[in-house]
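Here is the structure we will look at, set down as C-alpha cells.
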Number of protein chains: 2
Amino acid sequence: MKNNIRMHRYLLLSLLLILFASSNAVAQDALPSWNDGPAKKAILEFVAVVTEKGGKDYVEPAERIATFDNDGTLWVEYPMYTQVLFAFDRVKELVPQHPEWKTTQPFKALLEGDMKTVGAAGMKGLMEIVLATHSGMTATQFAQEAGTWLRTTQHKKFKRPYVECIYQPQLELLAYLRSNGFKTFIVSGGGIAFMRPVTEEAYGIPPEQVVGSSVVSEFKVTDGKADLVRMPKIDFINDKAGKPVGIYEHIGRRAILAFGNSDSDMQMIEYATTGEGPRLGLFVHHTDAEREFAYDRKSHVGTLDKALEQANANDWIIVDMKKDWKRIFAFEKEE
Amino acid sequence: MKNNIRMHRYLLLSLLLILFASSNAVAQDALPSWNDGPAKKAILEFVAVVTEKGGKDYVEPAERIATFDNDGTLWVEYPMYTQVLFAFDRVKELVPQHPEWKTTQPFKALLEGDMKTVGAAGMKGLMEIVLATHSGMTATQFAQEAGTWLRTTQHKKFKRPYVECIYQPQLELLAYLRSNGFKTFIVSGGGIAFMRPVTEEAYGIPPEQVVGSSVVSEFKVTDGKADLVRMPKIDFINDKAGKPVGIYEHIGRRAILAFGNSDSDMQMIEYATTGEGPRLGLFVHHTDAEREFAYDRKSHVGTLDKALEQANANDWIIVDMKKDWKRIFAFEKEE
C-alpha cells in the first residue's frame with residue numbers, strides 16, 4: 001500500500017517534469033548572448049533542418065559531429081596564445097632545475113625579459129621553449145601543472161583567470177548543439193594535454209573529445225605505478241591541413257558543423273563543409289577592440305585573411321564579434 | 001480539446017514505459033551468457049562498488065572509462081587476424097591495378113597460394129602487404145571497402161561473416177557497463193580505420209571511441225571535395241607499450257576497467273590497474289577448442305604467456321572461455 005502511494009507520487013512528479021520540460025523549451029532563447037542577425041539565424045536554421053525527423057536534411061544523431069577550434073574561437077588568444085604564456089611562466093619556474101637556461105638562448109633572453117631577442121628566435125626558438133617546458137614529467141604531473149596554471153593565472157586585460165576568458169555565446173552554442181543531439185569536439189592547434197585538464201569544467205567537453213597537437217610520450221612503470229612520460233619531441237601538429245588528419249584519427253567521421261577563427265582553420269572547415277548533405281562552417285571575426293580585441297588580416301596571432309576573402313564564395317558564416325555577440329564573457333556586467 | 005486527449009495519451013504511454021523499464025531492470029540477469037563463477041562475480045562486484053553513491057569506491061560517471069582489446073577479446077582472431085586475411089584478399093582483388101605484384105615477393109607467393117614463402121617473409125613482408133593494400137585511396141573509400149569485406153566475408157570455421165564472429169558475453173558486458181554509466185572504448189593493435197566501419201553496429205561503440213594502429217594520412221581537395229588520402233607509411237602502432245600511449249592521446253584519462261586476451265595487452269591492463277581507487281583488469285583465455293579455439297602460451301596469434309604467469313600476483317582476472325562463457329556467439333543454438 002505504502003509502495004503504491006510512493007509510486008503514484010513518483011508518477012505525478014514524472015508528469016510534472018515532462019510538462020515543465022516541454023513548455024520551457026518553447027519559451028527560452030537557447031542563444032541569449034547572440035544578437036539577432038544572419039549568424040544566429042543560420043545556426044538556428046541549420047540545427048532545425050538537421051534535427052527535423054523525416055525532413056530531407058535530417059541527420060542521424062550519431063553523425064551530428066561539431067568541431068570547434070579553441071584559441072580565438074572558444075577562449076581568448078590575444079595578445080598572445082595562452083599556451084605560449086604558460087610556457088614562458090614555466091621557464092621562470094623551472095630555471096632552478098635548469099641552470100643552463102641562464103646562459104642558453106632563447107631561454108636567457110626570456111629570463112631577462114628581453115622579448116625582442118625571444119621574438120627574433122622565431123618559431124624555432126618558441127618550439128624549443130615549448131618542448132623544454134612540456135616534457136620531462138609524467139602525464140599526470142603535466143595535467144596538474146597546466147590545470148592549476150589555467151585556473152590561477154590572470155589575463156592582463158580582463159583580470160580574470162584564463163579558464164574564465166572564454167566566450168559566453170560559444171558556451172551557449174555548445175550547450176545548444178548538445179541539447180540537439182550533437183557531440184561537440186575541440187580541434188585545436190594547441191597542445192591536447194594543455195587543454196584537457198579544463199575543457200570539461202570550461203566547456204562541458206570531456207578530454208576524450210579534445211583533439212590537439214602532441215609530444216611523443218612513452219609508457220613507463222615506476223615503483224609499480226604505470227604512467228606516460230612526456231618526451232621533448234613533437235608527435236603531431238594539429239593545425240592547418242593537420243586538423244582534418246587529427247579529426248580522421250580521433251573522431252573517424254566528418255563533422256557537419258565546424259567553427260574556427262583563423263586561416264589555420266580553413267582546412268577543418270573545408271573538410272566539414274564539402275561533405276554530403278547540410279553543412280555549416282563558421283569563423284569568429286574579432287572586431288571588438290573595446291570588449292575584447294580587434295584583429296584579422298595582419299595579426300601575429302589568429303590571422304584571418306584568406307578565409308575572409310573566400311567566405312562568401314564558400315557560404316562560410318563570418319561571425320562579427322561586435323555585431324553578433326550581445327555579451328562576450330560571463331563575467332561582463334549585464335547591460 | 002483534441003490536443004488534450006493527445007497529451008493524456010502521451011502521458012499514459014510515458015507512465016507505462018517507466019513502469020515497464022523499472023520492473024524489467026530488477027528481473028533480468030545483465031550477463032546471461034556468463035556462467036556464475038569468479039569472473040562474473042568480480043565484474044558484478046566491481047560495477048556495484050564503483051556505482052554506489054556515497055560508497056568509498058564510488059567513481060564519477062565521467063571517470064568510468066573501460067578499454068577493450070579487439071582481436072581475441074571482442075572478435076575472433078584465430079587461426080589468423082581478421083585484418084591480415086582482409087589484406088590477403090585485397091591483394092587478389094587489386095592485382096589488375098598492380099601487375100608488378102605478380103613478380104614481386106611476397107605478393108607473388110601470396111597470389112600463387114604459396115603461404116610458406118609468405119610466412120618466411122615474416123613481419124616485414126606482412127607489413128608490406130598490409131601497407132600496400134591499406135593505402136592509396138581516400139578515407140571514405142577505405143571505410144567502404146573494409147566495412148563491406150567484414151560484412152560479407154565468412155570465417156572458415158563458423159561459416160558466418162566476420163562481423164558476426166564476435167563474443168556474445170562481451171556484447172552483454174559492454175552494454176551492461178554502458179547502462180552503468182561507463183564509456184566503452186576499443187583499444188586494439190589492429191587498424192583504427194579497418195575496425196571503425198563496423199564497431200557501432202557490432203558493439204555499439206562509435207568510431208570516435210575506437211583507438212588503433214594507423215597509417216599516415218594527408219588532407220587533399222579533389223574537384224572541390226575534401227578528404228584524407230591514406231599513405232603507405234605507418235603512423236602509429238597501437239600495441240603493447242603503444243596501447244597506453246594511444247589511450248593517453250585519444251582518451252586522455254586512465255581506464256578503470258581494461259579487458260584483453262594476450263601479452264600485448266599487459267601494458268594496457270597495467271596502465272588501468274595501477275591507478276588510484278578500484279580497478280579491474282581481465283584477460284580472455286581461449287580454452288574452448290570445440291566451440292571456438294584453444295590456444296595460449298605458444299600460439300602464433302594472441303600469445304597469452306606472461307600475463308597468465310603474472311595474473312595472480314596482480315589480481316588480474318583470467319576469464320576461462322570454456323568455463324565462464326555459457327554461450328560464445330549470438331548465432332549459436334540455445335541449449
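A note on labels: chains of the C-alpha cells are A, B, ... as shown, every chain counts residues from 1, and ligands are counted from 1 in their shown order.
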Selection: 12 Å around B:Ala143, only C-alpha atoms, excl. self and same-chain fewer than 3 positions, as a VMD selection string: (chain A and resid 248 252 to 253) or (chain B and resid 134 to 135 137 to 140 146 to 150 191 to 199 207 228 to 230)
Check: which chain B residues lie within 9 Å of chain A using only C-alpha atoms, as a PyMOL selection string: chain B and resi 11+14-15+18+62+139+192-193+196+206-211+214+216-221+224-228+241-245+248-253+267+270-275
Selection: 12 Å around A:Lys156, only C-alpha atoms, excl. self and same-chain fewer than 6 positions, as a PyMOL selection string: chain A and resi 76-80+82+85+162+165+292
Preceding selection exported with all heavy atoms as an mmCIF file, in the first residue's frame:
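Below you can see result24.cif, which holds the result:
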data_model
loop_
_atom_site.group_PDB
_atom_site.id
_atom_site.type_symbol
_atom_site.label_atom_id
_atom_site.label_comp_id
_atom_site.auth_asym_id
_atom_site.auth_seq_id
_atom_site.Cartn_x
_atom_site.Cartn_y
_atom_site.Cartn_z
ATOM 1 N N VAL A 76 40.168 33.265 -25.335
ATOM 2 C CA VAL A 76 40.941 34.409 -25.814
ATOM 3 C C VAL A 76 42.343 33.956 -26.247
ATOM 4 O O VAL A 76 42.963 33.134 -25.573
ATOM 5 C CB VAL A 76 41.034 35.467 -24.689
ATOM 6 C CG1 VAL A 76 41.999 36.584 -25.078
ATOM 7 C CG2 VAL A 76 39.654 36.024 -24.367
ATOM 8 N N GLU A 77 42.831 34.522 -27.356
ATOM 9 C CA GLU A 77 44.175 34.169 -27.839
ATOM 10 C C GLU A 77 45.058 35.407 -27.961
ATOM 11 O O GLU A 77 46.220 35.309 -28.343
ATOM 12 C CB GLU A 77 44.091 33.493 -29.208
ATOM 13 C CG GLU A 77 43.591 34.427 -30.306
ATOM 14 C CD GLU A 77 43.513 33.792 -31.689
ATOM 15 O OE1 GLU A 77 43.997 32.661 -31.871
ATOM 16 O OE2 GLU A 77 42.930 34.429 -32.581
ATOM 17 N N TYR A 78 44.494 36.562 -27.680
ATOM 18 C CA TYR A 78 45.180 37.829 -27.913
ATOM 19 C C TYR A 78 45.569 38.466 -26.594
ATOM 20 O O TYR A 78 44.805 38.352 -25.644
ATOM 21 C CB TYR A 78 44.243 38.772 -28.696
ATOM 22 C CG TYR A 78 44.971 39.792 -29.518
ATOM 23 C CD1 TYR A 78 45.336 39.547 -30.833
ATOM 24 C CD2 TYR A 78 45.309 41.028 -28.961
ATOM 25 C CE1 TYR A 78 46.011 40.495 -31.591
ATOM 26 C CE2 TYR A 78 45.995 41.975 -29.704
ATOM 27 C CZ TYR A 78 46.343 41.704 -31.021
ATOM 28 O OH TYR A 78 47.020 42.635 -31.760
ATOM 29 N N PRO A 79 46.691 39.137 -26.461
ATOM 30 C CA PRO A 79 47.700 39.425 -27.488
ATOM 31 C C PRO A 79 48.672 38.268 -27.740
ATOM 32 O O PRO A 79 49.492 38.360 -28.638
ATOM 33 C CB PRO A 79 48.456 40.630 -26.920
ATOM 34 C CG PRO A 79 48.307 40.488 -25.439
ATOM 35 C CD PRO A 79 46.981 39.827 -25.200
ATOM 36 N N MET A 80 48.547 37.165 -26.977
ATOM 37 C CA MET A 80 49.447 36.020 -27.200
ATOM 38 C C MET A 80 48.718 34.731 -26.817
ATOM 39 O O MET A 80 47.952 34.720 -25.846
ATOM 40 C CB MET A 80 50.717 36.186 -26.349
ATOM 41 C CG MET A 80 51.798 35.122 -26.550
ATOM 42 S SD MET A 80 52.095 34.603 -28.270
ATOM 43 C CE MET A 80 52.917 36.068 -28.926
ATOM 44 N N THR A 82 47.592 31.567 -25.151
ATOM 45 C CA THR A 82 47.653 31.216 -23.736
ATOM 46 C C THR A 82 48.765 30.211 -23.443
ATOM 47 O O THR A 82 49.494 30.346 -22.462
ATOM 48 C CB THR A 82 46.288 30.628 -23.320
ATOM 49 O OG1 THR A 82 45.269 31.574 -23.676
ATOM 50 C CG2 THR A 82 46.214 30.371 -21.832
ATOM 51 N N LEU A 85 52.229 31.712 -23.176
ATOM 52 C CA LEU A 85 52.429 32.408 -21.892
ATOM 53 C C LEU A 85 52.683 31.400 -20.771
ATOM 54 O O LEU A 85 53.498 31.635 -19.878
ATOM 55 C CB LEU A 85 51.204 33.272 -21.580
ATOM 56 C CG LEU A 85 50.934 34.351 -22.634
ATOM 57 C CD1 LEU A 85 49.614 35.056 -22.351
ATOM 58 C CD2 LEU A 85 52.087 35.364 -22.689
ATOM 59 N N TYR A 162 42.565 32.603 -16.903
ATOM 60 C CA TYR A 162 42.390 32.213 -18.311
ATOM 61 C C TYR A 162 41.193 31.292 -18.509
ATOM 62 O O TYR A 162 40.511 31.355 -19.531
ATOM 63 C CB TYR A 162 43.670 31.565 -18.846
ATOM 64 C CG TYR A 162 44.687 32.612 -19.218
ATOM 65 C CD1 TYR A 162 45.743 32.922 -18.369
ATOM 66 C CD2 TYR A 162 44.545 33.335 -20.397
ATOM 67 C CE1 TYR A 162 46.652 33.914 -18.704
ATOM 68 C CE2 TYR A 162 45.452 34.327 -20.735
ATOM 69 C CZ TYR A 162 46.503 34.619 -19.887
ATOM 70 O OH TYR A 162 47.391 35.609 -20.220
ATOM 71 N N CYS A 165 38.307 33.287 -19.327
ATOM 72 C CA CYS A 165 38.364 34.153 -20.512
ATOM 73 C C CYS A 165 37.878 33.376 -21.725
ATOM 74 O O CYS A 165 38.613 33.164 -22.706
ATOM 75 C CB CYS A 165 39.772 34.695 -20.701
ATOM 76 S SG CYS A 165 40.256 35.774 -19.351
ATOM 77 N N GLU A 292 36.761 43.161 -26.385
ATOM 78 C CA GLU A 292 37.792 42.114 -26.471
ATOM 79 C C GLU A 292 38.981 42.686 -27.231
ATOM 80 O O GLU A 292 39.661 43.578 -26.696
ATOM 81 C CB GLU A 292 37.221 40.839 -27.138
ATOM 82 C CG GLU A 292 37.993 39.572 -26.763
ATOM 83 C CD GLU A 292 38.570 38.831 -27.956
ATOM 84 O OE1 GLU A 292 38.561 39.357 -29.082
ATOM 85 O OE2 GLU A 292 39.069 37.696 -27.747
#
Picked from stretch 13-229 of chain B by DSSP as alpha helix (DSSP H), as a ChimeraX atom specification: /B:13-27,38-50,82-94,107-111,115-120,122-133,139-152,168-179,192-203
Take the residues just selected and output them with C-alpha atoms as a tab-separated table (two decimals), in the first residue's frame.
chain	number	residue	atom	x	y	z
B	13	LEU	CA	2.34	5.92	-22.59
B	14	SER	CA	5.14	7.57	-20.62
B	15	LEU	CA	3.84	6.01	-17.42
B	16	LEU	CA	3.69	2.57	-18.94
B	17	LEU	CA	7.20	2.92	-20.26
B	18	ILE	CA	8.51	4.00	-16.87
B	19	LEU	CA	6.78	1.10	-15.12
B	20	PHE	CA	7.95	-1.39	-17.70
B	21	ALA	CA	11.54	-0.20	-17.59
B	22	SER	CA	11.81	-0.32	-13.81
B	23	SER	CA	10.20	-3.74	-13.35
B	24	ASN	CA	12.34	-5.12	-16.14
B	25	ALA	CA	15.61	-3.93	-14.66
B	26	VAL	CA	15.11	-5.87	-11.45
B	27	ALA	CA	14.12	-9.15	-13.04
B	38	PRO	CA	34.74	-15.92	-10.08
B	39	ALA	CA	34.93	-13.83	-13.29
B	40	LYS	CA	31.26	-12.89	-13.40
B	41	LYS	CA	31.31	-12.29	-9.65
B	42	ALA	CA	34.32	-9.96	-9.92
B	43	ILE	CA	32.66	-7.95	-12.70
B	44	LEU	CA	29.34	-7.58	-10.89
B	45	GLU	CA	31.03	-6.61	-7.64
B	46	PHE	CA	33.30	-4.10	-9.35
B	47	VAL	CA	30.41	-2.39	-11.12
B	48	ALA	CA	28.42	-2.39	-7.88
B	49	VAL	CA	31.13	-0.64	-5.84
B	50	VAL	CA	32.07	2.00	-8.43
B	82	THR	CA	40.96	-10.82	-39.50
B	83	GLN	CA	42.77	-7.80	-40.88
B	84	VAL	CA	45.58	-9.94	-42.31
B	85	LEU	CA	43.01	-12.05	-44.18
B	86	PHE	CA	41.44	-8.82	-45.45
B	87	ALA	CA	44.87	-7.67	-46.70
B	88	PHE	CA	45.42	-11.03	-48.46
B	89	ASP	CA	42.01	-10.79	-50.16
B	90	ARG	CA	42.76	-7.21	-51.21
B	91	VAL	CA	45.98	-8.28	-52.94
B	92	LYS	CA	43.98	-10.68	-55.09
B	93	GLU	CA	41.40	-8.01	-55.80
B	94	LEU	CA	43.86	-5.22	-56.58
B	107	PHE	CA	52.90	-10.64	-53.28
B	108	LYS	CA	53.86	-13.23	-55.91
B	109	ALA	CA	53.83	-16.07	-53.35
B	110	LEU	CA	50.52	-14.91	-51.93
B	111	LEU	CA	48.93	-14.83	-55.38
B	115	MET	CA	51.81	-19.46	-47.87
B	116	LYS	CA	55.11	-20.95	-46.75
B	117	THR	CA	57.02	-18.27	-48.66
B	118	VAL	CA	54.62	-15.59	-47.40
B	119	GLY	CA	55.28	-16.80	-43.87
B	120	ALA	CA	59.04	-16.79	-44.45
B	122	GLY	CA	57.99	-12.56	-41.70
B	123	MET	CA	56.68	-9.38	-40.14
B	124	LYS	CA	58.45	-7.22	-42.71
B	125	GLY	CA	56.73	-8.97	-45.60
B	126	LEU	CA	53.39	-8.90	-43.85
B	127	MET	CA	53.73	-5.17	-43.20
B	128	GLU	CA	54.46	-4.61	-46.90
B	129	ILE	CA	51.25	-6.41	-47.81
B	130	VAL	CA	49.22	-4.52	-45.24
B	131	LEU	CA	50.60	-1.12	-46.23
B	132	ALA	CA	50.18	-1.74	-49.96
B	133	THR	CA	46.53	-2.75	-49.51
B	139	ALA	CA	39.46	7.55	-46.10
B	140	THR	CA	35.91	7.30	-47.43
B	141	GLN	CA	36.82	4.60	-49.97
B	142	PHE	CA	38.78	2.55	-47.46
B	143	ALA	CA	35.92	2.64	-44.94
B	144	GLN	CA	33.56	1.29	-47.59
B	145	GLU	CA	35.94	-1.48	-48.60
B	146	ALA	CA	36.69	-2.62	-45.06
B	147	GLY	CA	33.03	-2.43	-44.00
B	148	THR	CA	31.81	-4.43	-46.99
B	149	TRP	CA	34.50	-7.09	-46.55
B	150	LEU	CA	33.74	-7.53	-42.83
B	151	ARG	CA	30.02	-7.83	-43.51
B	152	THR	CA	30.32	-10.32	-46.36
B	168	GLN	CA	28.11	-12.61	-27.06
B	169	PRO	CA	29.25	-12.43	-23.39
B	170	GLN	CA	31.36	-9.38	-24.27
B	171	LEU	CA	28.45	-7.68	-26.04
B	172	GLU	CA	26.45	-8.15	-22.87
B	173	LEU	CA	29.32	-6.83	-20.77
B	174	LEU	CA	29.74	-3.73	-22.98
B	175	ALA	CA	26.01	-3.00	-22.76
B	176	TYR	CA	25.99	-3.66	-19.01
B	177	LEU	CA	28.90	-1.27	-18.45
B	178	ARG	CA	27.24	1.43	-20.56
B	179	SER	CA	23.96	1.03	-18.69
B	192	ILE	CA	41.73	2.01	-36.47
B	193	ALA	CA	40.25	2.59	-39.93
B	194	PHE	CA	39.67	-1.13	-40.51
B	195	MET	CA	37.53	-1.55	-37.38
B	196	ARG	CA	35.58	1.70	-37.35
B	197	PRO	CA	33.16	0.99	-40.21
B	198	VAL	CA	31.54	-1.81	-38.15
B	199	THR	CA	32.15	-1.06	-34.44
B	200	GLU	CA	28.86	0.81	-33.98
B	201	GLU	CA	26.72	-1.95	-35.50
B	202	ALA	CA	28.78	-4.77	-33.97
B	203	TYR	CA	29.45	-3.45	-30.46
Atomic separation - atom CA of A:Val284 relative to atom CA of A:Gly72, Å: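 Those two atoms sit 7.6 Å apart.
Nearest residue to A:Glu52, choosing from A:Phe259, A:Gly181, A:Ile234, A:Ala121 and counting only C-alpha atoms: A:Gly181.
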Point-to-point distance in Å for atom CA of A:Ile237 and atom CA of B:Ile205: 27.3 Å
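Rounded to one decimal, atom CA of B:Gly277 and atom CA of B:Phe68 lie 19.6 Å from each other.
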